[in-house]
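Undergrad: So that we are looking at the same thing, I have put the structure below in structure tokens.
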Amino acid sequence: MRPALQRQIDEADLNGLFILPGFRGDLDQLMPSADVFVLPSFTEGLPNVVLEASAAGVPVVATAVGGTPEVVADGSTGFLVPPNDPVRLAERIGQLLADPKCAGEWATPAVHTCGRGLRSRRRRRRI
């Protein structure tokens, strides 16, 4: 799948706009530089990567599956879209990219909410 995606990026001359990092151990350092985090899953548990994006202040566009609606407040800290709806997904991504002020306003409540959740998880692990 990666070679096909990279080929599409190359053909559209968009190399400076996309990062296909694969597995990385330094996601916490990369995440804050993203404009939008997108998780187009068909199924999920509770997606830690959404918590990580929100904690980094990056607005999220994700499919409303599994535990994702528990951590993304649609229209408040990110956007939720139906699974298998690439048109709606693209619309929501475009909406955030077109309105950086909105994305910035969403970052604060998302960081606050996720920060509380991550702190309580750490406390439970210590107990």
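Quick note on naming: the chains in the structure tokens go A, B, ... in the order shown, residues restart at 1 in each chain, and ligands are numbered from 1 in order of appearance.
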Give me, as a ChimeraX atom specification, all polymer residues having an atom no more than 8 Å from range 17-31 of chain A, counting only C-alpha atoms and skipping those fewer than 2 positions away in the same chain.
TA: /A:2,6,9,14-15,33-34,52-53,56,58
Undergrad: List every residue of chain A that DSSP, applied to the backbone of this structure, places in helix (DSSP H, G or I), and write the result as a tab-separated table (two decimals) with C-alpha atoms, in the first residue's frame.
TA:
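This went into part_1.tsv:
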chain	number	residue	atom	x	y	z
A	2	ARG	CA	2.81	2.43	0.85
A	3	PRO	CA	4.39	2.29	-2.63
A	4	ALA	CA	1.01	3.03	-4.23
A	5	LEU	CA	0.43	6.01	-1.92
A	6	GLN	CA	3.93	7.32	-2.52
A	7	ARG	CA	3.41	7.01	-6.28
A	8	GLN	CA	0.18	9.04	-6.06
A	9	ILE	CA	1.94	11.70	-3.99
A	10	ASP	CA	4.82	11.83	-6.51
A	11	GLU	CA	2.48	12.03	-9.51
A	27	LEU	CA	5.80	10.31	17.27
A	28	ASP	CA	5.48	12.67	20.23
A	29	GLN	CA	8.01	14.96	18.54
A	30	LEU	CA	6.43	14.75	15.08
A	31	MET	CA	2.77	15.05	16.03
A	32	PRO	CA	2.73	18.74	17.09
A	33	SER	CA	3.88	19.79	13.61
A	48	ASN	CA	-4.39	5.81	21.65
A	49	VAL	CA	-3.08	7.67	18.63
A	50	VAL	CA	-6.15	9.96	18.74
A	51	LEU	CA	-5.38	10.71	22.38
A	52	GLU	CA	-1.78	11.44	21.42
A	53	ALA	CA	-2.82	13.77	18.59
A	54	SER	CA	-5.27	15.60	20.83
A	55	ALA	CA	-2.72	15.90	23.63
A	68	THR	CA	-13.29	6.93	18.85
A	69	PRO	CA	-16.50	8.88	19.67
A	70	GLU	CA	-15.52	8.60	23.34
A	71	VAL	CA	-12.39	10.69	22.75
A	86	PRO	CA	-14.16	9.29	1.74
A	87	VAL	CA	-16.08	12.30	0.42
A	88	ARG	CA	-17.21	13.36	3.91
A	89	LEU	CA	-13.74	12.62	5.29
A	90	ALA	CA	-12.14	14.86	2.65
A	91	GLU	CA	-14.70	17.61	3.30
A	92	ARG	CA	-13.92	17.65	7.01
A	93	ILE	CA	-10.16	17.63	6.42
A	94	GLY	CA	-10.57	20.52	3.98
A	95	GLN	CA	-12.75	22.39	6.45
A	96	LEU	CA	-10.05	22.25	9.12
A	97	LEU	CA	-7.27	23.17	6.73
A	98	ALA	CA	-9.28	26.13	5.43
A	100	PRO	CA	-6.76	27.26	11.09
A	101	LYS	CA	-8.43	29.46	13.73
A	102	CYS	CA	-11.08	26.80	14.29
A	103	ALA	CA	-8.43	24.10	14.50
A	104	GLY	CA	-6.50	26.16	17.05
A	105	GLU	CA	-9.59	26.74	19.16
A	106	TRP	CA	-10.25	23.01	19.25
A	107	ALA	CA	-6.73	22.28	20.46
A	108	THR	CA	-7.21	23.76	23.93
A	109	PRO	CA	-10.20	21.66	25.09
A	110	ALA	CA	-8.73	18.56	23.46
A	111	VAL	CA	-5.40	19.00	25.24
A	112	HIS	CA	-7.18	19.62	28.53
A	113	THR	CA	-9.49	16.61	28.17
A	114	CYS	CA	-6.78	14.24	26.97
A	115	GLY	CA	-4.29	15.48	29.55
A	116	ARG	CA	-6.73	14.59	32.32
A	117	GLY	CA	-7.33	11.17	30.80
A	118	LEU	CA	-3.64	10.42	30.36
A	119	ARG	CA	-2.83	11.53	33.94
A	120	SER	CA	-5.55	9.30	35.41
A	121	ARG	CA	-4.30	6.35	33.32
A	122	ARG	CA	-0.77	6.85	34.67
A	123	ARG	CA	-2.13	6.96	38.22
A	124	ARG	CA	-4.00	3.68	37.69
A	125	ARG	CA	-0.84	2.04	36.35
A	126	ARG	CA	1.12	3.07	39.44
Undergrad: Between A:Pro40, A:Pro59, A:Gly67, A:Gly45, which one has atoms that come closest to Val81 in chain A, using only C-alpha atoms?
TA: A:Pro40
Undergrad: Write out as a VMD selection string the residues lying within 6 Å of Val38 in chain A, counting only C-alpha atoms and excluding same-chain residues fewer than 2 positions away.
TA: chain A and resid 60 to 62
Undergrad: Chain A: which residues are strand (DSSP E) by DSSP, as a list in words?
TA: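 Reading the DSSP output for chain A, strand (DSSP E) covers Phe37, Val38, Leu39, Val60, Val61, Ala62, Thr63, Gly78, Phe79, Leu80 and Val81 of chain A.
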Undergrad: What does the structure give for the distance between CA of Phe79 in chain A and CA of Val65 in chain A, in Å to one decimal?
TA: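 Result for CA of Phe79 in chain A versus CA of Val65 in chain A: 12.4 Å, one decimal.
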Undergrad: Can you work out which one of A:Val72, A:Leu46, A:Val36, A:Met1 has the shortest atom-to-atom distance to Asp99 in chain A, counting only C-alpha atoms?
TA: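 Closest to Asp99 in chain A, using only C-alpha atoms: A:Val36.
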